[in-house]
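A.B. asks: mmCIF, C-alpha atoms and all ligand atoms, saved as entry35.cif, coming up:
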```
data_input
loop_
_atom_site.group_PDB
_atom_site.id
_atom_site.type_symbol
_atom_site.label_atom_id
_atom_site.label_comp_id
_atom_site.auth_asym_id
_atom_site.auth_seq_id
_atom_site.Cartn_x
_atom_site.Cartn_y
_atom_site.Cartn_z
ATOM 1 C CA MET A 1 106.638 109.861 97.750
ATOM 2 C CA THR A 2 106.178 113.542 98.384
ATOM 3 C CA ASP A 3 107.679 114.844 101.577
ATOM 4 C CA ILE A 4 104.641 116.609 103.009
ATOM 5 C CA SER A 5 106.696 118.270 105.752
ATOM 6 C CA VAL A 6 107.677 121.045 103.333
ATOM 7 C CA TYR A 7 104.002 121.991 103.170
ATOM 8 C CA ARG A 8 103.474 122.002 106.937
ATOM 9 C CA ARG A 9 102.260 125.348 108.234
ATOM 10 C CA SER A 10 101.210 126.823 111.507
ATOM 11 C CA GLY A 11 98.327 129.227 111.120
ATOM 12 C CA ASP A 12 94.616 129.791 111.008
ATOM 13 C CA LEU A 13 91.976 128.468 108.637
ATOM 14 C CA SER A 14 88.201 128.691 108.936
ATOM 15 C CA GLY A 15 85.776 126.308 107.322
ATOM 16 C CA ARG A 16 82.065 125.676 107.293
ATOM 17 C CA CYS A 17 79.501 123.337 105.790
ATOM 18 C CA LEU A 18 76.966 124.447 103.187
ATOM 19 C CA CYS A 19 74.204 125.273 105.693
ATOM 20 C CA GLY A 20 76.599 126.839 108.192
ATOM 21 C CA SER A 21 75.580 124.749 111.195
ATOM 22 C CA VAL A 22 79.050 123.178 111.385
ATOM 23 C CA THR A 23 82.093 125.407 111.609
ATOM 24 C CA ILE A 24 85.701 124.253 111.840
ATOM 25 C CA GLU A 25 88.585 126.372 113.044
ATOM 26 C CA ILE A 26 92.170 125.269 112.529
ATOM 27 C CA SER A 27 94.669 127.179 114.604
ATOM 28 C CA GLY A 28 98.061 125.538 114.444
ATOM 29 C CA SER A 29 99.770 122.778 112.553
ATOM 30 C CA HIS A 30 98.327 121.676 109.215
ATOM 31 C CA VAL A 31 99.570 120.636 105.796
ATOM 32 C CA ALA A 32 98.863 123.304 103.170
ATOM 33 C CA ALA A 33 98.577 120.793 100.321
ATOM 34 C CA VAL A 34 95.998 118.289 99.115
ATOM 35 C CA GLY A 35 95.952 114.576 98.343
ATOM 36 C CA ALA A 36 93.324 112.838 96.222
ATOM 37 C CA CYS A 37 91.992 109.276 96.360
ATOM 38 C CA HIS A 38 90.074 107.305 93.721
ATOM 39 C CA CYS A 39 89.410 104.169 95.796
ATOM 40 C CA ALA A 40 85.899 102.801 95.471
ATOM 41 C CA MET A 41 84.893 103.952 98.958
ATOM 42 C CA CYS A 42 86.127 107.496 98.425
ATOM 43 C CA ARG A 43 84.517 107.656 95.005
ATOM 44 C CA ARG A 44 81.156 106.535 96.351
ATOM 45 C CA TRP A 45 81.305 108.791 99.386
ATOM 46 C CA SER A 46 82.403 111.897 97.508
ATOM 47 C CA GLY A 47 80.464 111.221 94.332
ATOM 48 C CA MET A 48 83.572 111.808 92.236
ATOM 49 C CA VAL A 49 87.038 112.090 93.747
ATOM 50 C CA MET A 50 87.889 112.635 97.383
ATOM 51 C CA SER A 51 90.588 115.093 98.308
ATOM 52 C CA ASP A 52 91.828 116.162 101.695
ATOM 53 C CA PHE A 53 94.574 117.831 103.734
ATOM 54 C CA ASP A 54 95.881 117.021 107.207
ATOM 55 C CA ALA A 55 95.467 119.058 110.376
ATOM 56 C CA ALA A 56 96.788 118.184 113.825
ATOM 57 C CA PRO A 57 93.988 117.243 116.273
ATOM 58 C CA GLU A 58 95.151 119.753 118.879
ATOM 59 C CA ALA A 59 94.813 122.560 116.315
ATOM 60 C CA VAL A 60 91.173 121.752 115.487
ATOM 61 C CA THR A 61 87.944 123.135 116.980
ATOM 62 C CA VAL A 62 84.660 121.789 115.610
ATOM 63 C CA THR A 63 81.412 123.589 116.454
ATOM 64 C CA GLY A 64 77.977 122.179 115.691
ATOM 65 C CA LYS A 65 76.449 118.738 115.385
ATOM 66 C CA VAL A 66 78.431 116.312 113.242
ATOM 67 C CA SER A 67 77.485 112.833 112.004
ATOM 68 C CA ARG A 68 80.220 110.226 111.829
ATOM 69 C CA TYR A 69 80.113 107.100 109.714
ATOM 70 C CA ALA A 70 82.538 104.281 110.557
ATOM 71 C CA SER A 71 83.496 103.371 107.001
ATOM 72 C CA SER A 72 85.936 100.721 108.207
ATOM 73 C CA ASN A 73 87.346 99.388 111.463
ATOM 74 C CA PHE A 74 90.079 102.011 111.354
ATOM 75 C CA ALA A 75 88.428 105.124 109.938
ATOM 76 C CA GLU A 76 85.450 107.434 110.121
ATOM 77 C CA ARG A 77 83.932 109.839 107.617
ATOM 78 C CA ALA A 78 82.184 112.900 109.026
ATOM 79 C CA PHE A 79 79.472 115.049 107.521
ATOM 80 C CA CYS A 80 76.877 117.650 108.458
ATOM 81 C CA PRO A 81 73.601 115.904 109.370
ATOM 82 C CA THR A 82 71.580 118.849 108.034
ATOM 83 C CA CYS A 83 73.090 119.651 104.646
ATOM 84 C CA GLY A 84 75.292 116.583 104.062
ATOM 85 C CA SER A 85 78.517 118.486 103.397
ATOM 86 C CA HIS A 86 81.506 116.198 103.780
ATOM 87 C CA LEU A 87 83.839 117.408 106.513
ATOM 88 C CA TRP A 88 86.632 114.949 107.163
ATOM 89 C CA PHE A 89 88.090 111.474 106.941
ATOM 90 C CA ARG A 90 90.016 110.304 109.990
ATOM 91 C CA ASP A 91 91.981 107.275 111.107
ATOM 92 C CA THR A 92 90.348 106.560 114.461
ATOM 93 C CA ARG A 93 92.829 104.058 115.857
ATOM 94 C CA ASP A 94 94.956 106.672 117.523
ATOM 95 C CA ASP A 95 95.311 110.423 117.794
ATOM 96 C CA GLU A 96 95.698 110.745 114.037
ATOM 97 C CA PRO A 97 95.321 113.954 111.997
ATOM 98 C CA TYR A 98 91.992 115.089 110.662
ATOM 99 C CA GLU A 99 91.941 114.817 106.891
ATOM 100 C CA PHE A 100 89.698 117.710 105.944
ATOM 101 C CA MET A 101 87.852 118.317 102.701
ATOM 102 C CA PRO A 102 89.592 121.398 101.273
ATOM 103 C CA GLY A 103 86.416 122.718 99.651
ATOM 104 C CA ILE A 104 84.911 123.761 102.972
ATOM 105 C CA PHE A 105 87.854 126.090 103.743
ATOM 106 C CA ALA A 106 88.055 129.264 101.645
ATOM 107 C CA GLY A 107 91.676 129.620 102.773
ATOM 108 C CA ALA A 108 92.640 126.356 101.106
ATOM 109 C CA ASP A 109 92.038 127.568 97.540
ATOM 110 C CA ASP A 110 95.755 127.898 96.825
ATOM 111 C CA PHE A 111 96.780 124.520 98.245
ATOM 112 C CA PRO A 112 98.542 122.469 95.552
ATOM 113 C CA LEU A 113 97.600 118.887 94.732
ATOM 114 C CA ILE A 114 100.621 116.821 95.834
ATOM 115 C CA SER A 115 99.466 113.223 95.659
ATOM 116 C CA GLU A 116 96.907 111.051 93.930
ATOM 117 C CA ILE A 117 96.286 107.397 94.795
ATOM 118 C CA TYR A 118 94.334 104.543 93.184
ATOM 119 C CA ILE A 119 95.146 106.314 89.924
ATOM 120 C CA ASP A 120 94.436 103.147 87.937
ATOM 121 C CA ARG A 121 90.872 103.215 89.320
ATOM 122 C CA ALA A 122 90.135 106.822 88.379
ATOM 123 C CA PRO A 123 86.988 107.126 86.294
ATOM 124 C CA GLY A 124 87.156 109.033 83.013
ATOM 125 C CA TYR A 125 85.344 112.019 84.482
ATOM 126 C CA ALA A 126 87.848 112.428 87.315
ATOM 127 C CA ARG A 127 91.275 112.637 85.694
ATOM 128 C CA LEU A 128 93.315 115.252 87.518
ATOM 129 C CA ALA A 129 95.884 117.292 85.602
ATOM 130 C CA GLY A 130 99.404 117.918 86.853
ATOM 131 C CA ASP A 131 102.706 116.169 87.427
ATOM 132 C CA HIS A 132 102.133 115.427 91.134
ATOM 133 C CA PRO A 133 103.181 111.960 92.384
ATOM 134 C CA LYS A 134 100.639 109.257 91.571
ATOM 135 C CA LYS A 135 100.203 105.713 92.874
ATOM 136 C CA THR A 136 98.231 102.788 91.583
ATOM 137 C CA ARG A 137 96.103 100.671 93.860
ATOM 138 C CA ALA A 138 98.847 98.016 94.070
ATOM 139 C CA GLU A 139 101.549 100.578 94.818
ATOM 140 C CA TYR A 140 99.459 102.163 97.560
ATOM 141 C CA GLU A 141 98.247 98.938 99.156
ATOM 142 C CA ALA A 142 101.785 97.537 99.295
ATOM 143 C CA ARG A 143 102.662 100.161 101.926
ATOM 144 C CA SER A 144 99.414 101.339 103.530
ATOM 145 C CA LEU A 145 96.411 100.100 105.458
ATOM 146 C CA PHE A 146 93.415 99.558 103.201
ATOM 147 C CA VAL A 147 89.968 97.970 103.034
ATOM 148 C CA GLU A 148 89.710 94.597 101.272
ATOM 149 C CA GLY A 149 87.490 94.284 98.262
ATOM 150 C CA ASP A 150 87.860 97.787 96.924
ATOM 151 C CA ASP A 151 85.562 97.413 93.965
ATOM 152 C CA PRO A 152 83.331 100.143 92.582
HETATM 153 ZN ZN ZN A 201 75.463 121.846 107.130
HETATM 154 ZN ZN ZN A 202 90.087 106.337 99.297
#
```
Show the structure stored in the file as structure tokens.

C.D. replies:
Amino acid sequence: MTDISVYRRSGDLSGRCLCGSVTIEISGSHVAAVGACHCAMCRRWSGMVMSDFDAAPEAVTVTGKVSRYASSNFAERAFCPTCGSHLWFRDTRDDEPYEFMPGIFAGADDFPLISEIYIDRAPGYARLAGDHPKKTRAEYEARSLFVEGDDP
């Protein structure tokens, strides 16, 4: 498994949704690298492949109205209620990091892809190039919390 600590940064990033009514400022600790997930929930929510990067809650300021969908009993998925841009995935059980969609932050363009999970579920149109670490559904679910019945 990739040691994400080598990608941890302290700094500023600004993001916004498509319509601009939600803005997100990160000022402080975040991971300047992206992970991708092909699970059925992420595929359906994103429309293709979900990718995100972590930011510490205390570093995050969200401005504007946000809709939150409880996609499981341990996580929420947030989006702009006006334009529908996806904003973040977050484990809501504790004070967990935000997992932001990199595409809403111009400053994230250079973040490398460092992990890809549910690789055996990736559809043909969403194969990601690179030699980053990859995990199958079974490999991921053996060590991580997941939602039962992950079928497309
Ligand atoms: Zn919007
Ligand atoms: Zn997923």

A.B. asks: Quick one: residues within 9 Å of segment 45-60 of chain A, only C-alpha atoms, excluding same-chain residues fewer than 5 positions away - as a ChimeraX atom specification?

C.D. replies: /A:12,24-40,77,86,88-89,95-103,111,113,116,122-123,125-126

A.B. asks: What does the distance between atom CA of Pro133 of chain A and atom CA of Arg8 of chain A come to in Å, to one decimal place?

C.D. replies: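 Separation between atom CA of Pro133 of chain A and atom CA of Arg8 of chain A: 17.7 Å.
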
A.B. asks: Return the single residue from A:Phe146, A:Phe79, A:Phe105, A:Phe74 that is closest to Arg16 of chain A, with distances computed using only C-alpha atoms.

C.D. replies: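 Using only C-alpha atoms, Arg16 of chain A sits closest to A:Phe105.
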
A.B. asks: Choose the residue, out of A:Ile104, A:Ala70, A:Ile4, A:Cys42, that has the smallest atom-to-atom separation from ligand ZN 201 (chain A); count all atoms listed in the file.

C.D. replies: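 The shortest atom-to-atom distance to ligand ZN 201 (chain A) comes from A:Ile104.
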
A.B. asks: Can you work out which residues are within 8 Å of ligand ZN 201 (chain A), considering only C-alpha atoms and all ligand atoms, and then hand them over as a PyMOL selection string?

C.D. replies: chain A and resi 16-22+79-85

A.B. asks: To one decimal place, how far is atom CA of Asp3 of chain A from atom CA of Ala142 of chain A in Å?

C.D. replies: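 Between these atoms lies a distance of 18.4 Å.
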
A.B. asks: Using all atoms listed in the file, pick whichever of A:Thr63, A:Arg43, A:Leu128, A:Ser71 has the shortest atom-to-atom distance to ligand ZN 202 (chain A).

C.D. replies: A:Arg43

A.B. asks: In Å, rounded to a single decimal, give me how far atom CA of Ala106 of chain A is from atom CA of Leu13 of chain A.

C.D. replies: 8.1 Å

A.B. asks: Of the candidates A:Val6, A:Val66, A:Ile114, A:Met41, which shows the shortest atom-to-atom distance to ligand ZN 202 (chain A), using all atoms listed in the file?

C.D. replies: A:Met41

A.B. asks: Can you pull out the residues contacting Ser144 of chain A? Cut-off 12 Å, using all atoms listed in the file, and skip same-chain residues under 3 positions away; I want them as a ChimeraX atom specification.

C.D. replies: /A:117-118,135,137-141,147

A.B. asks: Considering all atoms listed in the file, can you say which of A:Ser72, A:Thr92, A:Ser14, A:Thr61 comes closest to ligand ZN 202 (chain A)?

C.D. replies: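 Result for the nearest residue to ligand ZN 202 (chain A): A:Ser72.
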
A.B. asks: Check the smallest atom-to-atom distance from each of A:Ala108, A:Leu145, A:Ala78, A:Leu87 to ligand ZN 202 (chain A) using all atoms listed in the file, then report the winner.

C.D. replies: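 Among the listed residues, A:Leu145 lies closest to ligand ZN 202 (chain A).
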